[in-house]
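Below is the file input27.txt, which contains compact mmCIF, C-alpha atoms (C1' of nucleotides).
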```txt
# COMPACT_ATOMS: atom_id res chain seq x y z
CA MET V 917 119.53 110.52 109.33
CA ALA V 918 117.83 111.58 106.16
CA VAL V 919 115.64 113.82 108.31
CA LEU V 920 118.65 115.27 110.09
CA SER V 921 120.40 115.81 106.79
CA HIS V 922 117.43 117.65 105.38
CA ALA V 923 116.83 119.66 108.53
CA THR V 924 120.43 120.84 108.80
CA GLY V 925 121.03 121.29 105.10
CA LEU V 926 124.12 119.12 105.42
CA GLN V 927 125.02 115.97 103.53
CA LYS V 928 124.83 112.82 105.58
CA ALA V 929 128.61 112.52 105.38
CA SER V 930 129.01 115.93 106.98
CA LEU V 931 127.02 114.82 110.01
CA TYR V 932 129.83 112.40 110.77
CA HIS V 933 132.21 115.29 111.19
CA HIS V 934 130.14 116.58 114.11
CA PHE V 935 129.08 113.18 115.43
CA PRO V 936 131.86 110.67 114.76
CA GLY V 937 129.93 108.13 116.80
CA GLY V 938 127.28 108.06 114.10
CA LYS V 939 123.61 107.43 114.61
CA ASN V 940 124.04 106.39 118.22
CA GLU V 941 125.84 109.57 119.20
CA MET V 942 123.29 111.68 117.34
CA LEU V 943 120.42 110.09 119.19
CA GLU V 944 122.21 110.37 122.51
CA THR V 945 122.85 114.05 121.82
CA ALA V 946 119.19 114.56 121.02
CA VAL V 947 118.12 112.87 124.25
CA LEU V 948 120.52 114.90 126.37
CA ALA V 949 119.54 118.11 124.57
CA THR V 950 115.90 117.34 125.26
CA ILE V 951 116.62 116.87 128.94
CA VAL V 952 118.43 120.20 128.96
CA GLU V 953 115.53 121.85 127.13
CA LEU V 954 112.94 120.46 129.53
CA GLU V 955 115.05 121.60 132.44
CA ARG V 956 115.46 125.08 130.97
CA ARG V 957 111.89 125.61 129.89
CA VAL V 958 109.95 123.70 132.53
CA PHE V 959 111.54 122.29 135.64
CA ARG V 960 114.06 125.04 136.22
CA PHE V 961 111.23 127.14 137.64
CA LEU V 962 110.91 124.81 140.60
CA GLU V 963 113.90 126.53 142.18
CA THR V 964 113.47 130.12 141.10
CA ASN V 965 112.56 132.87 143.53
CA GLY V 966 108.97 133.67 144.36
CA ASP V 967 106.40 131.70 146.26
CA ALA V 968 105.73 128.06 145.58
CA ALA V 969 102.41 128.70 143.86
CA ASP V 970 104.04 130.91 141.24
CA ARG V 971 106.80 128.41 140.61
CA ILE V 972 104.41 125.51 140.11
CA GLY V 973 102.34 127.68 137.81
CA GLN V 974 105.44 128.46 135.80
CA VAL V 975 106.19 124.77 135.44
CA LEU V 976 102.75 124.08 134.01
CA GLU V 977 102.94 127.12 131.77
CA GLY V 978 106.44 126.06 130.72
CA PHE V 979 105.22 122.64 129.68
CA ASP V 980 102.50 124.28 127.63
CA VAL V 981 105.09 126.38 125.83
CA TYR V 982 107.52 123.49 125.49
CA THR V 983 104.94 121.36 123.72
CA ASN V 984 103.56 124.32 121.83
CA GLY V 985 100.17 123.77 123.36
CA GLY V 986 100.24 120.04 122.64
CA ARG V 987 101.14 120.37 118.98
CA ARG V 988 104.61 118.97 119.55
CA SER V 989 105.48 115.68 121.24
CA CYS V 990 108.11 115.31 123.92
CA LEU V 991 111.03 113.42 122.43
CA LEU V 992 111.65 111.60 125.71
CA ALA V 993 108.15 110.16 125.67
CA VAL V 994 108.62 109.03 122.08
CA ILE V 995 111.99 107.44 122.79
CA ALA V 996 110.66 105.76 125.93
CA GLN V 997 108.05 103.99 123.83
CA SER V 998 110.40 102.94 121.04
CA SER V 999 112.59 99.91 120.66
CA VAL V 1000 115.77 101.93 121.18
CA ALA V 1001 114.60 102.83 124.68
CA GLU V 1002 116.93 100.37 126.39
CA ASN V 1003 120.02 102.44 125.70
CA PHE V 1004 118.53 105.51 127.35
CA GLN V 1005 115.96 104.09 129.74
CA SER V 1006 118.07 104.49 132.86
CA ARG V 1007 119.09 108.03 132.01
CA ILE V 1008 115.51 109.07 131.29
CA SER V 1009 113.96 107.41 134.31
CA ALA V 1010 116.61 108.82 136.64
CA GLN V 1011 115.83 112.27 135.29
CA PHE V 1012 112.10 111.90 135.77
CA ASP V 1013 112.64 110.54 139.26
CA ALA V 1014 114.58 113.70 140.06
CA TRP V 1015 112.00 115.99 138.49
CA ILE V 1016 109.19 114.30 140.41
CA ALA V 1017 111.11 114.63 143.66
CA ARG V 1018 111.70 118.32 143.04
CA LEU V 1019 108.09 118.93 142.08
CA SER V 1020 106.96 117.04 145.17
CA LYS V 1021 109.13 119.20 147.39
CA THR V 1022 107.69 122.38 145.91
CA LEU V 1023 104.15 121.05 146.25
CA VAL V 1024 104.73 120.41 149.93
CA GLU V 1025 106.21 123.86 150.27
CA PHE V 1026 103.04 125.18 148.68
CA GLY V 1027 100.94 123.48 151.30
CA CYS V 1028 100.38 119.95 150.09
CA GLU V 1029 100.43 117.32 152.81
CA PRO V 1030 103.97 115.90 152.92
CA ASN V 1031 102.93 112.31 152.29
CA ARG V 1032 100.84 113.44 149.33
CA GLY V 1033 103.66 115.29 147.59
CA ASP V 1034 105.15 112.42 145.65
CA SER V 1035 101.85 111.08 144.42
CA LEU V 1036 100.54 114.52 143.50
CA ALA V 1037 103.74 115.22 141.58
CA LEU V 1038 103.43 111.90 139.77
CA GLU V 1039 99.78 112.58 139.11
CA THR V 1040 100.62 115.98 137.66
CA LEU V 1041 103.13 114.56 135.21
CA GLU V 1042 100.65 111.86 134.24
CA THR V 1043 98.11 114.54 133.51
CA LEU V 1044 100.50 116.44 131.28
CA TYR V 1045 101.77 113.44 129.36
CA GLY V 1046 98.33 111.88 129.27
CA SER V 1047 96.89 114.91 127.57
CA LEU V 1048 99.70 114.78 125.02
CA ALA V 1049 99.08 111.11 124.34
CA VAL V 1050 95.33 111.50 123.97
CA GLY V 1051 95.83 114.60 121.85
CA ARG V 1052 97.80 112.43 119.44
CA LEU V 1053 95.13 109.75 119.51
CA LEU V 1054 92.44 112.31 118.75
CA GLY V 1055 94.55 114.10 116.16
CA SER V 1056 93.88 117.26 118.09
CA PHE V 1057 95.26 119.22 121.01
CA GLU V 1058 92.54 121.37 122.55
CA ASN V 1059 92.42 118.87 125.38
CA VAL V 1060 95.93 119.87 126.47
CA SER V 1061 94.91 123.29 127.73
CA PHE V 1062 91.96 121.71 129.54
CA ALA V 1063 94.33 119.29 131.22
CA LEU V 1064 96.63 122.09 132.30
CA ARG V 1065 93.74 123.96 133.88
CA ARG V 1066 92.53 120.78 135.55
CA SER V 1067 96.00 120.22 136.91
CA ARG V 1068 96.10 123.71 138.39
CA ARG V 1069 92.77 123.13 140.05
CA ASN V 1070 93.81 119.71 141.29
CA ILE V 1071 96.92 121.11 142.90
CA GLY V 1072 94.97 123.97 144.39
CA LEU V 1073 96.50 126.79 142.38
CA ASP V 1074 93.11 127.73 140.98
CA THR V 1075 90.10 127.93 143.18
CA THR V 1076 87.85 128.94 140.29
CA PRO V 1077 84.89 126.58 140.09
CA ASP V 1078 84.38 124.34 137.08
CA PHE V 1079 81.78 126.38 135.29
CA LEU V 1080 84.07 129.37 134.72
CA MET E 528 108.95 92.55 109.42
CA ALA E 529 111.94 90.79 110.91
CA VAL E 530 110.07 90.88 114.20
CA LEU E 531 106.92 89.48 112.60
CA SER E 532 108.93 86.77 110.88
CA HIS E 533 110.51 85.74 114.16
CA ALA E 534 107.26 85.97 116.11
CA THR E 535 105.33 83.83 113.64
CA GLY E 536 108.12 81.42 112.83
CA LEU E 537 107.59 82.15 109.15
CA GLN E 538 110.05 83.38 106.59
CA LYS E 539 109.53 86.95 105.51
CA ALA E 540 108.48 85.77 102.08
CA SER E 541 105.73 83.64 103.60
CA LEU E 542 104.16 86.68 105.20
CA TYR E 543 103.37 87.91 101.71
CA HIS E 544 101.10 84.96 101.17
CA HIS E 545 98.86 86.16 103.99
CA PHE E 546 99.36 89.87 103.39
CA PRO E 547 99.88 90.48 99.66
CA GLY E 548 99.75 94.20 100.37
CA GLY E 549 103.03 93.94 102.19
CA LYS E 550 104.13 96.02 105.09
CA ASN E 551 101.28 98.46 104.73
CA GLU E 552 98.62 95.78 104.91
CA MET E 553 100.34 94.16 107.87
CA LEU E 554 100.39 97.41 109.81
CA GLU E 555 96.80 98.16 108.89
CA THR E 556 95.80 94.70 110.07
CA ALA E 557 97.61 95.26 113.34
CA VAL E 558 95.87 98.59 113.87
CA LEU E 559 92.44 97.15 113.13
CA ALA E 560 93.14 94.11 115.29
CA THR E 561 94.14 96.41 118.13
CA ILE E 562 90.91 98.34 117.80
CA VAL E 563 89.01 95.07 117.90
CA GLU E 564 90.99 93.95 120.93
CA LEU E 565 90.37 97.20 122.79
CA GLU E 566 86.70 96.96 121.96
CA ARG E 567 86.52 93.36 123.13
CA ARG E 568 88.54 93.75 126.31
CA VAL E 569 87.66 97.29 127.38
CA PHE E 570 84.96 99.35 125.75
CA ARG E 571 82.54 96.53 125.04
CA PHE E 572 81.56 96.68 128.70
CA LEU E 573 80.02 100.10 128.23
CA GLU E 574 76.95 98.41 126.75
CA THR E 575 76.69 95.23 128.76
CA ASN E 576 73.92 94.63 131.24
CA GLY E 577 74.17 95.80 134.82
CA ASP E 578 74.19 99.23 136.32
CA ALA E 579 76.39 101.99 134.95
CA ALA E 580 78.81 101.89 137.87
CA ASP E 581 79.64 98.24 137.24
CA ARG E 582 80.12 98.84 133.55
CA ILE E 583 82.49 101.74 134.07
CA GLY E 584 84.39 99.69 136.60
CA GLN E 585 84.70 96.91 134.06
CA VAL E 586 86.13 99.32 131.52
CA LEU E 587 88.85 100.43 133.94
CA GLU E 588 89.55 96.87 134.98
CA GLY E 589 89.58 95.86 131.32
CA PHE E 590 92.18 98.47 130.51
CA ASP E 591 94.31 97.19 133.36
CA VAL E 592 94.13 93.68 131.97
CA TYR E 593 94.62 94.85 128.39
CA THR E 594 97.88 96.60 129.28
CA ASN E 595 98.88 93.85 131.68
CA GLY E 596 99.00 96.32 134.51
CA GLY E 597 100.96 98.85 132.48
CA ARG E 598 103.66 96.42 131.38
CA ARG E 599 102.45 96.51 127.80
CA SER E 600 101.94 99.59 125.64
CA CYS E 601 98.85 100.23 123.59
CA LEU E 602 99.78 99.88 119.93
CA LEU E 603 97.44 102.70 118.96
CA ALA E 604 99.28 105.12 121.23
CA VAL E 605 102.60 104.04 119.76
CA ILE E 606 101.38 104.38 116.18
CA ALA E 607 99.80 107.75 116.91
CA GLN E 608 103.19 109.06 117.97
CA SER E 609 105.14 107.63 115.04
CA SER E 610 105.79 109.01 111.60
CA VAL E 611 103.46 106.49 109.96
CA ALA E 612 100.55 107.96 111.90
CA GLU E 613 99.18 109.87 108.93
CA ASN E 614 97.88 106.75 107.22
CA PHE E 615 95.85 105.73 110.25
CA GLN E 616 95.25 108.99 112.06
CA SER E 617 91.67 109.43 110.90
CA ARG E 618 90.72 105.84 111.66
CA ILE E 619 92.23 106.02 115.15
CA SER E 620 90.83 109.40 116.07
CA ALA E 621 87.35 108.46 114.82
CA GLN E 622 87.48 105.40 117.00
CA PHE E 623 88.56 107.33 120.09
CA ASP E 624 85.89 109.92 119.44
CA ALA E 625 83.33 107.14 119.46
CA TRP E 626 84.73 105.53 122.60
CA ILE E 627 84.74 108.85 124.42
CA ALA E 628 81.14 109.50 123.39
CA ARG E 629 80.07 106.09 124.64
CA LEU E 630 81.96 106.48 127.90
CA SER E 631 80.44 109.93 128.35
CA LYS E 632 76.96 108.53 127.88
CA THR E 633 77.54 105.87 130.49
CA LEU E 634 79.01 108.39 132.90
CA VAL E 635 75.90 110.52 132.59
CA GLU E 636 73.79 107.43 133.09
CA PHE E 637 75.77 106.80 136.26
CA GLY E 638 74.93 110.22 137.58
CA CYS E 639 77.49 112.58 136.10
CA GLU E 640 76.14 115.96 135.12
CA PRO E 641 75.31 115.81 131.41
CA ASN E 642 77.58 118.69 130.42
CA ARG E 643 80.44 117.11 132.37
CA GLY E 644 80.22 113.74 130.64
CA ASP E 645 82.42 114.46 127.67
CA SER E 646 85.16 116.12 129.65
CA LEU E 647 85.11 113.47 132.36
CA ALA E 648 85.35 110.76 129.71
CA LEU E 649 88.24 112.57 128.06
CA GLU E 650 89.86 113.07 131.44
CA THR E 651 89.52 109.38 132.21
CA LEU E 652 91.26 108.32 129.03
CA GLU E 653 93.97 110.87 129.66
CA THR E 654 94.51 109.37 133.08
CA LEU E 655 94.84 105.88 131.66
CA TYR E 656 97.15 106.79 128.81
CA GLY E 657 99.05 109.26 130.97
CA SER E 658 99.89 106.58 133.47
CA LEU E 659 101.11 104.35 130.65
CA ALA E 660 103.30 107.13 129.26
CA VAL E 661 104.81 108.03 132.62
CA GLY E 662 105.28 104.37 133.43
CA ARG E 663 107.46 104.11 130.33
CA LEU E 664 109.34 107.25 131.29
CA LEU E 665 110.00 105.89 134.76
CA GLY E 666 110.77 102.39 133.49
CA SER E 667 108.18 101.14 135.90
CA PHE E 668 104.46 100.55 136.12
CA GLU E 669 103.31 100.65 139.72
CA ASN E 670 101.86 104.07 138.97
CA VAL E 671 99.30 102.52 136.61
CA SER E 672 97.31 100.84 139.38
CA PHE E 673 97.41 104.09 141.35
CA ALA E 674 96.03 105.93 138.35
CA LEU E 675 93.24 103.42 137.92
CA ARG E 676 92.22 103.84 141.56
CA ARG E 677 92.41 107.61 141.23
CA SER E 678 90.21 107.42 138.17
CA ARG E 679 87.61 105.39 140.03
CA ARG E 680 87.60 107.93 142.83
CA ASN E 681 87.45 110.83 140.40
CA ILE E 682 84.44 109.38 138.67
CA GLY E 683 82.78 108.62 141.94
CA LEU E 684 82.88 104.85 141.79
CA ASP E 685 84.94 104.70 144.94
CA THR E 686 84.05 106.78 147.92
CA THR E 687 86.94 105.40 149.93
CA PRO E 688 89.06 108.26 151.27
CA ASP E 689 92.67 108.71 150.19
CA PHE E 690 94.32 107.24 153.23
CA LEU E 691 92.92 103.78 152.63
C1' DG A 529 96.17 66.01 91.24
C1' DA A 530 95.04 70.57 92.85
C1' DT A 531 95.19 74.32 96.01
C1' DA A 532 97.16 76.44 99.96
C1' DA A 533 101.13 77.51 102.40
C1' DA A 534 105.53 77.18 103.22
C1' DC A 535 110.40 77.57 101.50
C1' DT A 536 115.03 79.38 99.13
C1' DA A 537 117.08 82.71 96.39
C1' DA A 538 117.54 86.89 94.66
C1' DC A 539 116.58 91.79 93.56
C1' DG A 540 116.49 96.89 93.95
C1' DA A 541 116.22 100.60 97.15
C1' DA A 542 117.30 102.76 101.34
C1' DC A 543 120.23 103.06 105.31
C1' DG A 544 124.36 103.84 107.95
C1' DT A 545 128.94 104.49 107.17
C1' DT A 546 133.66 105.34 105.22
C1' DC A 547 136.87 107.47 102.10
C1' DG A 548 139.22 110.90 99.69
C1' DT A 549 138.70 115.46 98.00
C1' DT A 550 137.40 120.28 97.91
C1' DT A 551 135.88 124.49 100.01
C1' DT A 552 136.06 127.84 103.83
C1' DA A 553 138.24 130.62 106.95
C1' DA A 554 141.34 132.03 110.28
C1' DA A 555 146.59 132.57 111.32
C1' DC A 556 150.85 133.65 109.87
C1' DA A 557 154.78 135.24 106.65
C1' DC A 558 156.33 138.46 103.64
C1' DG X 613 147.64 144.22 101.44
C1' DT X 614 149.09 139.84 99.19
C1' DG X 615 150.29 135.12 99.40
C1' DT X 616 150.93 130.76 102.14
C1' DT X 617 149.73 127.52 105.61
C1' DT X 618 146.74 124.98 108.21
C1' DA X 619 142.67 123.03 110.34
C1' DA X 620 137.87 122.82 110.28
C1' DA X 621 133.94 121.82 107.72
C1' DA X 622 131.73 120.88 103.90
C1' DC X 623 131.24 117.79 99.69
C1' DG X 624 130.45 113.60 96.19
C1' DA X 625 131.08 108.88 95.53
C1' DA X 626 131.19 104.60 96.94
C1' DC X 627 130.79 100.53 100.19
C1' DG X 628 128.50 96.84 102.71
C1' DT X 629 124.08 95.89 105.19
C1' DT X 630 119.51 95.75 106.02
C1' DC X 631 114.88 96.23 104.34
C1' DG X 632 110.79 95.34 101.70
C1' DT X 633 109.55 92.80 97.93
C1' DT X 634 109.24 89.41 94.02
C1' DA X 635 109.96 85.04 91.67
C1' DG X 636 110.17 80.35 91.32
C1' DT X 637 110.09 75.94 93.80
C1' DT X 638 108.87 72.60 97.21
C1' DT X 639 105.96 70.80 100.89
C1' DA X 640 101.61 70.02 102.97
C1' DT X 641 96.52 69.24 102.78
C1' DC X 642 92.44 67.78 101.10
```
Is it possible to give me this structure as structure tokens?
Amino acid sequence: MAVLSHATGLQKASLYHHFPGGKNEMLETAVLATIVELERRVFRFLETNGDAADRIGQVLEGFDVYTNGGRRSCLLAVIAQSSVAENFQSRISAQFDAWIARLSKTLVEFGCEPNRGDSLALETLETLYGSLAVGRLLGSFENVSFALRRSRRNIGLDTTPDFL
Amino acid sequence: MAVLSHATGLQKASLYHHFPGGKNEMLETAVLATIVELERRVFRFLETNGDAADRIGQVLEGFDVYTNGGRRSCLLAVIAQSSVAENFQSRISAQFDAWIARLSKTLVEFGCEPNRGDSLALETLETLYGSLAVGRLLGSFENVSFALRRSRRNIGLDTTPDFL
DNA sequence: GATAAACTAACGAACGTTCGTTTTAAACAC
DNA sequence: GTGTTTAAAACGAACGTTCGTTAGTTTATC
């Protein structure tokens, strides 16, 4: 709350005017806002116009922008690893289930074998979040752009060989 | 500290007998102990006897055991994402740099192209930690064993086709 | 009897919250 | 336009709790 107070320029007491439910409501708002942000900047593209390849590319590009090239963590991943996860676990996992299903559908539309869609979608998210996690562990983030390119190649968006 | 007190069965005050440096020393001890544990249960195998393939397989298997099949987080990944990371960032990233270098060396020894070693080692760790992260997001962990198998295949340890 | 290792009790600081008050700003009366 | 009313939105001050820590005392161990 000290961080929120500083970030907003408001006294802690003033935060209670906007969030009468206190700390819990603030955190819940942050989680829901993060879901909305991820939807708007990343997964929304799964249902835009254009061919499937473009849409999948936009999702990967969107994740890059959303995380600022790996410099910024995803709040949902942080929450999911914290001790307060229980209160939001079901909401978060339901959301990721839905995102994976939508990504899978688009992958199949792109040409992926139908029974591979789910696992390729899962694998793609693991690649993205894995690069974020390892970036943190290395105190760096160059690996994130590598992972995005690898993901494109793995899906079949890029056919450029490794050495380019 | 309340958690430590409960876990050890000691009063909070008694913890100061073992860790006069207080909270900071306790956290530092936990971080160092985790590094030791990861070394002992995972990365140690990179330099055991036997051919490179076996050793790499032992590392992957060791990670599976270390995380209890994805049920348990890696403390280093949690710390690296928290606000106290600054105090330990350099220690953690130096350690992961070293582990990646050692894994890369073993991968090359196994047959990986020398200039691919570093990126394949990085990619492997991203796969492991990515599956952990997504497992948390999904509130599940079946994906971790999938990721381990995928990693084996990606490295070339398994030549079994996908449909098996 | 001495040293290590536990305990109880308490402290100050930070946290999360509540309270009552003041400022801001839009709506209305004159 | 000026003055009044009203509700929203900010504030400072305080409260009780939890946290990290210290002090002094007792129990265990050798």
Edge lengths and centre in Å, axis-aligned, stretch 1063-1075 of chain V plus 3 Å each side, as JSON:
```
{"center_x": 93.5, "center_y": 123.6, "center_z": 137.8, "size_x": 12.8, "size_y": 14.6, "size_z": 19.2}
```
Pick out the residues sitting within 10 Å of stretch 533-539 of chain A, and hand them over as a ChimeraX atom specification; count only C-alpha atoms (C1' of nucleotides), and ignore anything fewer than 5 positions along from it in its own chain.
/E:537-538,540-542,544-545 /X:633-641
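Between atom CA of E:Val661 and atom CA of V:Leu1041 there is a distance of 7.2 Å.
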Go ahead and find all residues with at least one atom no further than 9 Å from (125.7, 111.2, 112.7) in the file's coordinates, using only C-alpha atoms (C1' of nucleotides); report them as a PyMOL selection string.
(chain V and resi 917+920+928-943) or (chain A and resi 544)
So that I can check the surroundings of V:Thr1043, please list as a PDB file with C-alpha atoms, keeping the file's coordinate frame every protein, DNA and RNA residue that reaches within 8 Å of it, counting all atoms listed in the file and ignoring chain neighbours fewer than 3 positions away.
```
ATOM      1  CA  GLU V1039      99.780 112.580 139.110  1.00  0.00           C
ATOM      2  CA  THR V1040     100.620 115.980 137.660  1.00  0.00           C
ATOM      3  CA  GLY V1046      98.330 111.880 129.270  1.00  0.00           C
ATOM      4  CA  SER V1047      96.890 114.910 127.570  1.00  0.00           C
ATOM      5  CA  ALA V1063      94.330 119.290 131.220  1.00  0.00           C
ATOM      6  CA  LEU V1064      96.630 122.090 132.300  1.00  0.00           C
ATOM      7  CA  SER V1067      96.000 120.220 136.910  1.00  0.00           C
TER       8      SER V1067
ATOM      9  CA  GLU E 653      93.970 110.870 129.660  1.00  0.00           C
ATOM     10  CA  THR E 654      94.510 109.370 133.080  1.00  0.00           C
ATOM     11  CA  GLY E 657      99.050 109.260 130.970  1.00  0.00           C
TER      12      GLY E 657
END
```
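Across the model, the gap from atom CA of E:Gly638 to atom CA of E:Leu565 is 25.0 Å.
When atom CA of E:Arg676 is paired with atom CA of V:Val1060, their separation reads 22.3 Å.
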Give as an NGL selection string the set of residues within 8 Å of the point (97.6, 119.6, 126.0), where distances use the file's coordinates and only C-alpha atoms (C1' of nucleotides).
:V and (980 or 983 or 985-987 or 1044 or 1047-1048 or 1051 or 1057-1064)
If we count all atoms listed in the file and set the cut-off at 9 Å, which residues sit around V:Ser1009, ignoring sequence neighbours fewer than 4 positions away in its own chain? Please answer as a PyMOL selection string.
(chain V and resi 1004-1005+1013-1014) or (chain E and resi 663-667)
Leaving out A:DA554 and any residue of its chain fewer than 5 positions from it, which residues lie within 10 Å of it when counting only C-alpha atoms (C1' of nucleotides), given as a ChimeraX atom specification?
/X:618-620
Pull out every residue of chain A that has at least one atom within 9 Å of chain V, counting only C-alpha atoms (C1' of nucleotides), and report them as an mmCIF file with C-alpha atoms (C1' of nucleotides), in the coordinates of the input.
```cif
data_model
loop_
_atom_site.group_PDB
_atom_site.id
_atom_site.type_symbol
_atom_site.label_atom_id
_atom_site.label_comp_id
_atom_site.auth_asym_id
_atom_site.auth_seq_id
_atom_site.Cartn_x
_atom_site.Cartn_y
_atom_site.Cartn_z
ATOM 1 C "C1'" DC A 543 120.230 103.060 105.310
ATOM 2 C "C1'" DG A 544 124.360 103.840 107.950
ATOM 3 C "C1'" DT A 545 128.940 104.490 107.170
ATOM 4 C "C1'" DT A 546 133.660 105.340 105.220
#
```
Give me the chain X side of the contact with chain V, cut-off 10 Å, one line per residue showing its nearest atom pair and distance in Å at one decimal, counting only C-alpha atoms (C1' of nucleotides), sorted by chain and residue number, as a tab-separated table.
```
residue	atom	partner	partner_atom	distance
X:DA620	C1'	V:His933	CA	9.5
X:DA621	C1'	V:His933	CA	7.6
X:DA622	C1'	V:Ser930	CA	6.4
X:DC623	C1'	V:Gln927	CA	7.5
X:DG624	C1'	V:Gln927	CA	9.4
```
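For A:DC558, the residues within 12 Å (counting all atoms listed in the file, excluding itself and residues fewer than 3 positions away along the chain) are DG613, DT614, DG615 and DT616 of chain X.
Distance annotation: of E:Asn595, E:Thr686, E:Ser610, E:Thr535, the residue with the minimal separation from chain V is E:Ser610; atom set is all atoms listed in the file.
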Would you fill the gaps in stretch 638-653 of chain E so it has N, CA and C atoms, then print it as a PDB file, in the frame of the given file?
```
ATOM      1  N   GLY E 638      75.297 109.124 136.691  1.00  0.00           N
ATOM      2  CA  GLY E 638      74.930 110.220 137.580  1.00  0.00           C
ATOM      3  C   GLY E 638      75.719 111.488 137.351  1.00  0.00           C
ATOM      4  N   CYS E 639      76.682 111.404 136.441  1.00  0.00           N
ATOM      5  CA  CYS E 639      77.490 112.580 136.100  1.00  0.00           C
ATOM      6  C   CYS E 639      76.606 113.642 135.462  1.00  0.00           C
ATOM      7  N   GLU E 640      76.905 114.898 135.763  1.00  0.00           N
ATOM      8  CA  GLU E 640      76.140 115.960 135.120  1.00  0.00           C
ATOM      9  C   GLU E 640      76.323 115.896 133.613  1.00  0.00           C
ATOM     10  N   PRO E 641      75.239 116.014 132.868  1.00  0.00           N
ATOM     11  CA  PRO E 641      75.310 115.810 131.410  1.00  0.00           C
ATOM     12  C   PRO E 641      76.404 116.630 130.726  1.00  0.00           C
ATOM     13  N   ASN E 642      76.567 117.882 131.118  1.00  0.00           N
ATOM     14  CA  ASN E 642      77.580 118.690 130.420  1.00  0.00           C
ATOM     15  C   ASN E 642      78.989 118.390 130.915  1.00  0.00           C
ATOM     16  N   ARG E 643      79.121 117.517 131.893  1.00  0.00           N
ATOM     17  CA  ARG E 643      80.440 117.110 132.370  1.00  0.00           C
ATOM     18  C   ARG E 643      80.877 115.799 131.732  1.00  0.00           C
ATOM     19  N   GLY E 644      79.930 115.091 131.123  1.00  0.00           N
ATOM     20  CA  GLY E 644      80.220 113.740 130.640  1.00  0.00           C
ATOM     21  C   GLY E 644      81.393 113.682 129.689  1.00  0.00           C
ATOM     22  N   ASP E 645      81.361 114.506 128.657  1.00  0.00           N
ATOM     23  CA  ASP E 645      82.420 114.460 127.670  1.00  0.00           C
ATOM     24  C   ASP E 645      83.784 114.738 128.283  1.00  0.00           C
ATOM     25  N   SER E 646      83.843 115.777 129.109  1.00  0.00           N
ATOM     26  CA  SER E 646      85.160 116.120 129.650  1.00  0.00           C
ATOM     27  C   SER E 646      85.619 115.085 130.669  1.00  0.00           C
ATOM     28  N   LEU E 647      84.698 114.506 131.415  1.00  0.00           N
ATOM     29  CA  LEU E 647      85.110 113.470 132.360  1.00  0.00           C
ATOM     30  C   LEU E 647      85.561 112.211 131.628  1.00  0.00           C
ATOM     31  N   ALA E 648      84.923 111.907 130.518  1.00  0.00           N
ATOM     32  CA  ALA E 648      85.350 110.760 129.710  1.00  0.00           C
ATOM     33  C   ALA E 648      86.741 111.004 129.138  1.00  0.00           C
ATOM     34  N   LEU E 649      86.920 112.193 128.582  1.00  0.00           N
ATOM     35  CA  LEU E 649      88.240 112.570 128.060  1.00  0.00           C
ATOM     36  C   LEU E 649      89.293 112.490 129.154  1.00  0.00           C
ATOM     37  N   GLU E 650      88.950 113.058 130.299  1.00  0.00           N
ATOM     38  CA  GLU E 650      89.860 113.070 131.440  1.00  0.00           C
ATOM     39  C   GLU E 650      90.232 111.651 131.871  1.00  0.00           C
ATOM     40  N   THR E 651      89.271 110.767 131.807  1.00  0.00           N
ATOM     41  CA  THR E 651      89.520 109.380 132.210  1.00  0.00           C
ATOM     42  C   THR E 651      90.519 108.714 131.266  1.00  0.00           C
ATOM     43  N   LEU E 652      90.317 108.921 129.974  1.00  0.00           N
ATOM     44  CA  LEU E 652      91.260 108.320 129.030  1.00  0.00           C
ATOM     45  C   LEU E 652      92.639 108.937 129.178  1.00  0.00           C
ATOM     46  N   GLU E 653      92.675 110.226 129.449  1.00  0.00           N
ATOM     47  CA  GLU E 653      93.970 110.870 129.660  1.00  0.00           C
ATOM     48  C   GLU E 653      94.671 110.288 130.876  1.00  0.00           C
TER      49      GLU E 653
END
```
